[in-house]
file query-v4.csv (CSV, C-alpha atoms)
chain,number,residue,atom,x,y,z
A,19,MET,CA,-54.1,6.6,-9.4
A,20,ILE,CA,-53.3,6.7,-5.7
A,21,GLU,CA,-54.4,9.3,-3.2
A,22,VAL,CA,-51.5,10.5,-1.0
A,23,LEU,CA,-52.2,12.4,2.2
A,24,TYR,CA,-49.8,14.3,4.4
A,25,PHE,CA,-50.3,15.4,8.0
A,26,ALA,CA,-48.7,17.7,10.6
A,27,TRP,CA,-45.1,18.8,9.7
A,28,VAL,CA,-45.0,16.5,6.7
A,29,ARG,CA,-47.9,18.4,5.2
A,30,GLU,CA,-46.2,21.7,6.1
A,31,ARG,CA,-42.9,20.7,4.5
A,32,ILE,CA,-44.4,19.4,1.3
A,33,GLY,CA,-46.8,22.3,1.2
A,34,LEU,CA,-50.1,20.5,0.5
A,35,PRO,CA,-52.5,18.2,2.4
A,36,ARG,CA,-53.1,15.7,-0.4
A,37,GLU,CA,-52.6,14.9,-4.0
A,38,SER,CA,-53.4,12.2,-6.6
A,39,ILE,CA,-50.4,10.4,-7.9
A,40,GLU,CA,-49.9,8.2,-11.0
A,41,THR,CA,-47.4,5.6,-9.9
A,42,GLN,CA,-46.2,2.1,-10.6
A,43,ALA,CA,-44.5,1.9,-7.2
A,44,ALA,CA,-44.7,-1.7,-5.8
A,45,THR,CA,-44.2,-0.8,-2.2
A,46,VAL,CA,-44.4,2.3,0.1
A,47,ALA,CA,-40.6,2.5,0.0
A,48,ASP,CA,-40.7,2.7,-3.8
A,49,LEU,CA,-43.3,5.4,-3.6
A,50,VAL,CA,-41.1,7.4,-1.1
A,51,ALA,CA,-38.1,7.1,-3.5
A,52,GLU,CA,-40.3,8.4,-6.4
A,53,LEU,CA,-41.5,11.3,-4.3
A,54,ARG,CA,-38.0,12.2,-3.1
A,55,ALA,CA,-36.7,12.3,-6.6
A,56,ARG,CA,-39.4,14.9,-7.5
A,57,GLU,CA,-38.3,18.0,-5.6
A,58,ASP,CA,-36.3,19.2,-2.7
A,59,ARG,CA,-39.4,19.7,-0.5
A,60,TYR,CA,-40.2,16.0,-0.8
A,61,ASP,CA,-36.6,15.0,-0.4
A,62,MET,CA,-36.5,16.9,2.9
A,63,ALA,CA,-39.8,15.7,4.2
A,64,PHE,CA,-38.7,12.1,3.6
A,65,SER,CA,-35.1,12.4,4.5
A,66,ASP,CA,-35.5,10.3,7.7
A,67,VAL,CA,-38.3,7.7,7.3
A,68,SER,CA,-37.6,6.5,10.9
A,69,ALA,CA,-39.3,9.7,12.0
A,70,LEU,CA,-42.4,8.9,9.9
A,71,ARG,CA,-45.3,6.6,10.0
A,72,VAL,CA,-47.4,5.4,7.1
A,73,ALA,CA,-51.0,4.3,6.8
A,74,LEU,CA,-52.5,2.3,3.9
A,75,ASP,CA,-56.2,2.7,3.4
A,76,GLN,CA,-56.3,4.1,7.0
A,77,GLU,CA,-54.5,1.3,8.7
A,78,LEU,CA,-50.9,1.6,10.0
A,79,ALA,CA,-48.4,-0.2,7.8
A,80,GLY,CA,-44.7,-0.6,7.3
A,81,PHE,CA,-42.6,1.0,4.6
A,82,ASP,CA,-42.0,-2.4,3.0
A,83,ALA,CA,-45.7,-3.0,2.6
A,84,PRO,CA,-47.0,-3.6,-1.0
A,85,LEU,CA,-49.2,-0.9,-2.6
A,86,ALA,CA,-51.2,-3.3,-4.8
A,87,GLY,CA,-54.9,-2.5,-4.5
A,88,VAL,CA,-54.3,0.4,-2.1
A,89,ARG,CA,-56.3,3.6,-2.8
A,90,GLU,CA,-55.1,5.9,0.0
A,91,VAL,CA,-51.6,6.3,1.4
A,92,ALA,CA,-50.9,8.7,4.3
A,93,PHE,CA,-47.6,9.9,5.7
A,94,PHE,CA,-47.3,11.5,9.1
A,95,PRO,CA,-45.1,11.9,12.2
A,96,PRO,CA,-45.6,9.7,15.2
A,97,MET,CA,-49.0,10.4,16.7
A,98,THR,CA,-49.5,12.6,19.8
A,99,GLY,CA,-53.1,12.1,20.9
A,100,GLY,CA,-54.5,12.0,24.4
B,2,MET,CA,-66.5,7.3,20.4
B,3,ARG,CA,-66.7,10.9,19.3
B,4,VAL,CA,-64.2,13.1,17.4
B,5,GLN,CA,-65.4,16.7,17.5
B,6,ALA,CA,-64.2,20.3,17.3
B,7,GLU,CA,-66.8,21.5,19.9
B,8,PRO,CA,-66.1,21.6,23.6
B,9,PHE,CA,-67.8,19.0,25.8
B,10,ASP,CA,-69.1,19.0,29.4
B,11,VAL,CA,-67.3,16.3,31.5
B,12,GLY,CA,-69.9,16.6,34.2
B,13,ALA,CA,-72.8,16.1,31.8
B,14,GLU,CA,-71.1,13.3,30.1
B,15,LEU,CA,-70.4,11.4,33.3
B,16,ALA,CA,-74.0,12.0,34.6
B,17,ALA,CA,-75.3,10.3,31.5
B,18,PHE,CA,-72.6,7.6,31.4
B,19,ALA,CA,-73.8,4.1,32.1
B,20,ALA,CA,-77.1,5.6,33.4
B,21,GLY,CA,-79.6,2.9,34.2
B,22,ARG,CA,-77.1,0.1,34.3
B,23,GLN,CA,-77.4,-2.0,37.5
B,24,ASP,CA,-74.5,-4.3,36.8
B,25,VAL,CA,-71.9,-1.6,37.1
B,26,GLY,CA,-69.9,-1.4,40.3
B,27,ALA,CA,-67.1,0.9,39.2
B,28,GLU,CA,-66.7,3.9,36.9
B,29,VAL,CA,-63.4,5.5,36.1
B,30,SER,CA,-62.9,8.6,34.0
B,31,PHE,CA,-59.9,10.6,32.8
B,32,SER,CA,-59.7,14.0,31.1
B,33,GLY,CA,-56.7,15.5,29.3
B,34,VAL,CA,-56.4,19.2,29.6
B,35,VAL,CA,-54.3,21.8,27.7
B,36,ARG,CA,-51.4,22.6,30.0
B,37,ASP,CA,-49.5,25.8,30.0
B,38,ASP,CA,-46.0,25.3,31.3
B,39,GLY,CA,-45.3,28.9,30.6
B,40,GLY,CA,-46.1,31.0,27.5
B,41,LEU,CA,-48.5,28.6,25.7
B,42,ALA,CA,-51.1,30.6,23.8
B,43,ALA,CA,-52.9,27.8,22.1
B,44,MET,CA,-52.8,24.2,20.9
B,45,GLU,CA,-53.9,23.2,17.5
B,46,ILE,CA,-54.9,19.5,17.1
B,47,GLU,CA,-54.8,18.0,13.7
B,48,HIS,CA,-56.5,14.7,12.9
B,49,TYR,CA,-57.0,12.3,10.0
B,50,PRO,CA,-60.8,12.3,9.4
B,51,GLY,CA,-61.9,8.7,8.8
B,52,MET,CA,-58.8,6.9,10.2
B,53,THR,CA,-59.1,8.7,13.5
B,54,GLU,CA,-62.6,7.4,14.1
B,55,LYS,CA,-61.6,3.9,12.9
B,56,ALA,CA,-58.6,3.8,15.2
B,57,LEU,CA,-60.5,5.0,18.2
B,58,ALA,CA,-63.4,2.6,17.6
B,59,LYS,CA,-60.9,-0.3,17.3
B,60,ILE,CA,-59.1,0.7,20.6
B,61,GLU,CA,-62.4,1.1,22.4
B,62,ALA,CA,-63.7,-2.3,21.1
B,63,GLU,CA,-60.6,-4.0,22.3
B,64,ALA,CA,-60.9,-2.5,25.8
B,65,VAL,CA,-64.6,-3.4,26.0
B,66,ALA,CA,-63.8,-7.0,25.1
B,67,ARG,CA,-60.7,-7.4,27.2
B,68,TRP,CA,-62.1,-6.0,30.5
B,69,ASP,CA,-65.8,-6.9,29.9
B,70,LEU,CA,-66.8,-3.3,30.2
B,71,LYS,CA,-70.5,-2.5,30.7
B,72,ALA,CA,-70.0,0.9,29.1
B,73,SER,CA,-67.2,3.0,27.6
B,74,LEU,CA,-66.8,6.6,26.4
B,75,VAL,CA,-64.1,8.2,24.3
B,76,ILE,CA,-64.3,11.8,23.3
B,77,HIS,CA,-61.4,13.6,21.5
B,78,ARG,CA,-61.4,17.1,20.2
B,79,TYR,CA,-59.5,18.6,17.3
B,80,GLY,CA,-58.9,22.2,16.2
B,81,ARG,CA,-57.7,25.2,18.3
B,82,LEU,CA,-57.8,24.8,22.1
B,83,GLU,CA,-56.6,27.2,24.7
B,84,PRO,CA,-54.9,26.5,28.1
B,85,GLY,CA,-57.3,25.0,30.5
B,86,GLU,CA,-59.6,23.5,27.9
B,87,LYS,CA,-60.4,19.8,27.9
B,88,ILE,CA,-58.7,18.0,25.0
B,89,MET,CA,-60.3,14.6,25.5
B,90,MET,CA,-61.9,12.2,28.0
B,91,VAL,CA,-62.4,8.5,28.5
B,92,ALA,CA,-64.7,6.7,30.8
B,93,THR,CA,-65.1,3.1,31.6
B,94,ALA,CA,-67.7,1.2,33.6
B,95,ALA,CA,-67.2,-2.3,34.9
B,96,GLY,CA,-68.3,-4.7,37.5
B,97,HIS,CA,-65.3,-3.9,39.7
B,98,ARG,CA,-62.7,-1.2,40.0
B,99,ALA,CA,-59.6,-3.1,38.8
B,100,GLU,CA,-61.2,-3.7,35.4
B,101,ALA,CA,-62.4,-0.1,35.1
B,102,PHE,CA,-59.0,1.4,36.1
B,103,GLU,CA,-57.0,-0.9,33.8
B,104,ALA,CA,-59.3,-0.4,30.8
B,105,ALA,CA,-59.1,3.4,31.2
B,106,GLN,CA,-55.3,3.2,31.3
B,107,PHE,CA,-55.2,1.0,28.3
B,108,LEU,CA,-57.4,3.4,26.4
B,109,MET,CA,-55.2,6.3,27.3
B,110,ASP,CA,-52.0,4.5,26.4
B,111,TYR,CA,-53.3,3.6,23.0
B,112,LEU,CA,-54.9,6.9,22.4
B,113,LYS,CA,-51.5,8.6,22.9
B,114,SER,CA,-49.7,6.8,20.2
B,115,ARG,CA,-52.1,4.8,18.0
B,116,ALA,CA,-54.8,7.4,17.3
B,117,PRO,CA,-53.9,9.8,14.5
B,118,PHE,CA,-53.8,13.2,16.2
B,119,TRP,CA,-51.0,15.6,16.1
B,120,LYS,CA,-50.6,18.6,18.5
B,121,LYS,CA,-49.0,21.9,17.6
B,122,GLU,CA,-48.3,24.4,20.3
B,123,THR,CA,-48.2,28.2,19.7
B,124,GLY,CA,-46.4,30.4,22.1
B,125,ALA,CA,-44.4,33.6,22.3
B,126,ASP,CA,-41.5,31.9,20.4
B,127,GLY,CA,-43.8,30.8,17.5
B,128,ALA,CA,-45.3,27.4,16.8
B,129,SER,CA,-43.9,23.9,17.1
B,130,TRP,CA,-45.2,20.3,16.7
B,131,VAL,CA,-45.2,18.3,19.9
B,132,ALA,CA,-42.8,15.4,19.6
B,133,ALA,CA,-43.9,11.9,20.5
B,134,LYS,CA,-42.3,10.5,23.6
B,135,ASP,CA,-40.4,7.2,23.8
B,136,ALA,CA,-42.2,6.6,27.1
B,137,ASP,CA,-45.6,6.7,25.4
B,138,GLU,CA,-44.5,4.0,22.9
B,139,ASP,CA,-42.9,2.0,25.8
B,140,ALA,CA,-46.2,2.2,27.7
B,141,LEU,CA,-47.9,0.0,25.1
B,142,GLU,CA,-45.6,-2.9,26.0
B,143,ARG,CA,-47.3,-3.7,29.3
B,144,TRP,CA,-50.5,-4.5,27.4
call {"tool": "encode", "arguments": {"input": "query-v4.csv", "output": "structure tokens"}}
result
Amino acid sequence: MIEVLYFAWVRERIGLPRESIETQAATVADLVAELRAREDRYDMAFSDVSALRVALDQELAGFDAPLAGVREVAFFPPMTGG
Amino acid sequence: MRVQAEPFDVGAELAAFAAGRQDVGAEVSFSGVVRDDGGLAAMEIEHYPGMTEKALAKIEAEAVARWDLKASLVIHRYGRLEPGEKIMMVATAAGHRAEAFEAAQFLMDYLKSRAPFWKKETGADGASWVAAKDADEDALERW
């Protein structure tokens, strides 16, 4: 099981802040492909991954990063702090 | 480093900042304020509890090490803020002003695009997420 979190407009498009997912995905990109195949709302949210960032266990990562041993994956748009 | 919903008092924070240190020759502070360019009712700031604190602590530790800061302060709010309210502040204390100014700019540049916060503005035409600016990402290159 992996905990998947969504923030900002990604959360709004998908319609929930977090969910537990049973997956065999090897990389973030594989997980994204699995999610997109689920429903339109996921497909829309992930239609342009260049507009998204991903964090693995609360550290920024790339979409090609492996998921082995990862407990928490978060998807969000570029950050706008300050 | 503090991430909080509550307002903070910049004056009180600065009065207590680096108090009692005699090796400090320069203190720099910056506050970010909710700006109304016309029609902004409120700003909602979302964050990622856990990662936000980790990211801020890492950025702050890097600034302290790189500019040999004697003290540093980072406060960032989340939740609903109205125009005129302070969003965040940073303060740096160093031996000399060049280090204090540079470290404060570094903190701000990294806070902008490496700390997980997202701003949503609500106005007369509804609500929209603030888009990240390329200039903010480019600003990291100088460091």
call {"tool": "closest_residue", "arguments": {"input": "query-v4.csv", "among": "B:Lys113, B:Lys55, B:Arg36, B:Lys71", "to": "chain A", "atoms": "all atoms listed in the file"}}
result
B:Lys113
call {"tool": "residues_around", "arguments": {"input": "query-v4.csv", "residues": "region 126-128 of chain B", "least_positions_apart": "6", "cutoff": "10 Å", "atoms": "only C-alpha atoms", "output": "ChimeraX atom specification"}}
result
/B:40-45
call {"tool": "closest_atom_pairs", "arguments": {"input": "query-v4.csv", "of": "chain B", "to": "chain A", "cutoff": "7 Å", "atoms": "all atoms listed in the file", "output": "tab-separated table"}}
result
residue	atom	partner	partner_atom	distance
B:Gly33	CA	A:Gly100	CA	6.4
B:Glu47	CA	A:Ala26	CA	6.8
B:Met52	CA	A:Gln76	CA	4.9
B:Met89	CA	A:Gly100	CA	6.5
B:Met109	CA	A:Gly100	CA	6.4
B:Leu112	CA	A:Gly100	CA	5.5
B:Lys113	CA	A:Gly99	CA	4.3
B:Ser114	CA	A:Met97	CA	5.1
B:Arg115	CA	A:Met97	CA	6.5
B:Ala116	CA	A:Gly99	CA	6.2
B:Pro117	CA	A:Met97	CA	5.4
B:Phe118	CA	A:Gly99	CA	4.9
B:Trp119	CA	A:Thr98	CA	5.0
B:Lys120	CA	A:Thr98	CA	6.2
B:Ala133	CA	A:Thr98	CA	5.7
call {"tool": "atom_distance", "arguments": {"input": "query-v4.csv", "atom1": "CA of Asp82 (chain A)", "atom2": "CA of Leu57 (chain B)"}}
result
25.1 Å
call {"tool": "closest_residue", "arguments": {"input": "query-v4.csv", "among": "B:Trp130, B:Arg81, B:Ala140, B:Tyr49", "to": "Arg36 (chain A)", "atoms": "all atoms listed in the file"}}
result
B:Tyr49
call {"tool": "atom_distance", "arguments": {"input": "query-v4.csv", "atom1": "CA of Ile32 (chain A)", "atom2": "CA of Ala132 (chain B)"}}
result
18.8 Å
call {"tool": "residues_around", "arguments": {"input": "query-v4.csv", "residues": "Val29 (chain B)", "least_positions_apart": "3", "cutoff": "8 Å", "atoms": "all atoms listed in the file", "output": "short mmCIF file (atom, residue, chain, number, x, y, z; two decimals) with C-alpha atoms, keeping the file's coordinate frame"}}
result
data_model
loop_
_atom_site.label_atom_id
_atom_site.label_comp_id
_atom_site.auth_asym_id
_atom_site.auth_seq_id
_atom_site.Cartn_x
_atom_site.Cartn_y
_atom_site.Cartn_z
CA ALA B 92 -64.70 6.70 30.80
CA THR B 93 -65.10 3.10 31.60
CA ALA B 94 -67.70 1.20 33.60
CA ARG B 98 -62.70 -1.20 40.00
CA ALA B 101 -62.40 -0.10 35.10
CA PHE B 102 -59.00 1.40 36.10
CA ALA B 105 -59.10 3.40 31.20
#
call {"tool": "closest_residue", "arguments": {"input": "query-v4.csv", "among": "B:Val131, B:Ile46, B:Leu141, B:Ala62", "to": "Gln5 (chain B)", "atoms": "all atoms listed in the file"}}
result
B:Ile46
call {"tool": "residues_near_point", "arguments": {"input": "query-v4.csv", "point": "(-68.8, 18.2, 32.8)", "cutoff": "12 Å", "atoms": "all atoms listed in the file", "output": "list in words"}}
result
Pro8, Phe9, Asp10, Val11, Gly12, Ala13, Glu14, Leu15, Ala16, Ala17, Phe18, Ser30, Phe31, Ser32, Glu86, Lys87, Met89 and Met90 of chain B
call {"tool": "atom_distance", "arguments": {"input": "query-v4.csv", "atom1": "CA of Asp37 (chain B)", "atom2": "CA of Arg31 (chain A)"}}
result
26.8 Å
call {"tool": "residues_around", "arguments": {"input": "query-v4.csv", "residues": "region 40-51 of chain A", "least_positions_apart": "5", "cutoff": "9 Å", "atoms": "all atoms listed in the file", "output": "number ranges by chain"}}
result
A: 19-20, 56, 60-61, 64, 67, 72, 74, 80-86, 91
call {"tool": "residues_around", "arguments": {"input": "query-v4.csv", "residues": "Arg59 (chain A)", "least_positions_apart": "6", "cutoff": "12 Å", "atoms": "only C-alpha atoms", "output": "VMD selection string"}}
result
chain A and resid 27 to 34 53 65
call {"tool": "residues_around", "arguments": {"input": "query-v4.csv", "residues": "Ala104 (chain B)", "least_positions_apart": "3", "cutoff": "7 Å", "atoms": "all atoms listed in the file", "output": "list in words"}}
result
Ala64, Trp68, Thr93, Glu100, Ala101, Phe107 and Leu108 of chain B
call {"tool": "build_atoms", "arguments": {"input": "query-v4.csv", "residues": "region 69-97 of chain A", "atoms": "N, CA and C atoms", "output": "mmCIF file, in the frame of the given file"}}
result
data_model
loop_
_atom_site.group_PDB
_atom_site.id
_atom_site.type_symbol
_atom_site.label_atom_id
_atom_site.label_comp_id
_atom_site.auth_asym_id
_atom_site.auth_seq_id
_atom_site.Cartn_x
_atom_site.Cartn_y
_atom_site.Cartn_z
ATOM 1 N N ALA A 69 -38.484 8.706 11.265
ATOM 2 C CA ALA A 69 -39.300 9.700 12.000
ATOM 3 C C ALA A 69 -40.702 9.786 11.444
ATOM 4 N N LEU A 70 -41.042 8.893 10.521
ATOM 5 C CA LEU A 70 -42.400 8.900 9.900
ATOM 6 C C LEU A 70 -43.142 7.641 10.103
ATOM 7 N N ARG A 71 -44.447 7.766 9.990
ATOM 8 C CA ARG A 71 -45.300 6.600 10.000
ATOM 9 C C ARG A 71 -46.126 6.634 8.711
ATOM 10 N N VAL A 72 -46.644 5.463 8.325
ATOM 11 C CA VAL A 72 -47.400 5.400 7.100
ATOM 12 C C VAL A 72 -48.695 4.582 7.359
ATOM 13 N N ALA A 73 -49.789 5.014 6.745
ATOM 14 C CA ALA A 73 -51.000 4.300 6.800
ATOM 15 C C ALA A 73 -51.494 3.962 5.392
ATOM 16 N N LEU A 74 -51.958 2.728 5.175
ATOM 17 C CA LEU A 74 -52.500 2.300 3.900
ATOM 18 C C LEU A 74 -53.988 2.084 4.056
ATOM 19 N N ASP A 75 -54.786 2.808 3.293
ATOM 20 C CA ASP A 75 -56.200 2.700 3.400
ATOM 21 C C ASP A 75 -56.639 2.838 4.919
ATOM 22 N N GLN A 76 -56.005 3.764 5.612
ATOM 23 C CA GLN A 76 -56.300 4.100 7.000
ATOM 24 C C GLN A 76 -55.991 3.084 8.037
ATOM 25 N N GLU A 77 -55.029 2.195 7.688
ATOM 26 C CA GLU A 77 -54.500 1.300 8.700
ATOM 27 C C GLU A 77 -52.987 1.437 8.704
ATOM 28 N N LEU A 78 -52.390 1.460 9.910
ATOM 29 C CA LEU A 78 -50.900 1.600 10.000
ATOM 30 C C LEU A 78 -50.256 0.446 9.269
ATOM 31 N N ALA A 79 -49.158 0.768 8.599
ATOM 32 C CA ALA A 79 -48.400 -0.200 7.800
ATOM 33 C C ALA A 79 -46.929 0.045 7.936
ATOM 34 N N GLY A 80 -46.127 -0.821 7.309
ATOM 35 C CA GLY A 80 -44.700 -0.600 7.300
ATOM 36 C C GLY A 80 -44.265 -0.057 5.946
ATOM 37 N N PHE A 81 -43.029 0.459 5.884
ATOM 38 C CA PHE A 81 -42.600 1.000 4.600
ATOM 39 C C PHE A 81 -42.269 -0.037 3.563
ATOM 40 N N ASP A 82 -42.196 -1.307 3.998
ATOM 41 C CA ASP A 82 -42.000 -2.400 3.000
ATOM 42 C C ASP A 82 -43.295 -2.970 2.521
ATOM 43 N N ALA A 83 -44.424 -2.410 2.966
ATOM 44 C CA ALA A 83 -45.700 -3.000 2.600
ATOM 45 C C ALA A 83 -46.006 -2.731 1.091
ATOM 46 N N PRO A 84 -46.648 -3.719 0.449
ATOM 47 C CA PRO A 84 -47.000 -3.600 -1.000
ATOM 48 C C PRO A 84 -48.139 -2.585 -1.170
ATOM 49 N N LEU A 85 -48.160 -1.938 -2.349
ATOM 50 C CA LEU A 85 -49.200 -0.900 -2.600
ATOM 51 C C LEU A 85 -50.318 -1.499 -3.540
ATOM 52 N N ALA A 86 -50.210 -2.763 -3.925
ATOM 53 C CA ALA A 86 -51.200 -3.300 -4.800
ATOM 54 C C ALA A 86 -52.609 -3.219 -4.204
ATOM 55 N N GLY A 87 -53.539 -2.616 -4.923
ATOM 56 C CA GLY A 87 -54.900 -2.500 -4.500
ATOM 57 C C GLY A 87 -55.171 -1.364 -3.471
ATOM 58 N N VAL A 88 -54.112 -0.674 -3.068
ATOM 59 C CA VAL A 88 -54.300 0.400 -2.100
ATOM 60 C C VAL A 88 -54.756 1.675 -2.784
ATOM 61 N N ARG A 89 -55.745 2.344 -2.181
ATOM 62 C CA ARG A 89 -56.300 3.600 -2.800
ATOM 63 C C ARG A 89 -55.746 4.830 -2.082
ATOM 64 N N GLU A 90 -55.439 4.700 -0.787
ATOM 65 C CA GLU A 90 -55.100 5.900 0.000
ATOM 66 C C GLU A 90 -53.817 5.611 0.833
ATOM 67 N N VAL A 91 -52.799 6.435 0.663
ATOM 68 C CA VAL A 91 -51.600 6.300 1.400
ATOM 69 C C VAL A 91 -51.414 7.610 2.241
ATOM 70 N N ALA A 92 -51.129 7.500 3.525
ATOM 71 C CA ALA A 92 -50.900 8.700 4.300
ATOM 72 C C ALA A 92 -49.586 8.655 5.028
ATOM 73 N N PHE A 93 -48.883 9.791 5.003
ATOM 74 C CA PHE A 93 -47.600 9.900 5.700
ATOM 75 C C PHE A 93 -47.741 10.954 6.802
ATOM 76 N N PHE A 94 -47.198 10.607 7.967
ATOM 77 C CA PHE A 94 -47.300 11.500 9.100
ATOM 78 C C PHE A 94 -46.247 11.212 10.157
ATOM 79 N N PRO A 95 -45.986 12.164 11.062
ATOM 80 C CA PRO A 95 -45.100 11.900 12.200
ATOM 81 C C PRO A 95 -45.747 10.994 13.203
ATOM 82 N N PRO A 96 -44.979 10.458 14.168
ATOM 83 C CA PRO A 96 -45.600 9.700 15.200
ATOM 84 C C PRO A 96 -46.729 10.471 15.888
ATOM 85 N N MET A 97 -47.783 9.759 16.227
ATOM 86 C CA MET A 97 -49.000 10.400 16.700
ATOM 87 C C MET A 97 -48.871 10.907 18.135
#
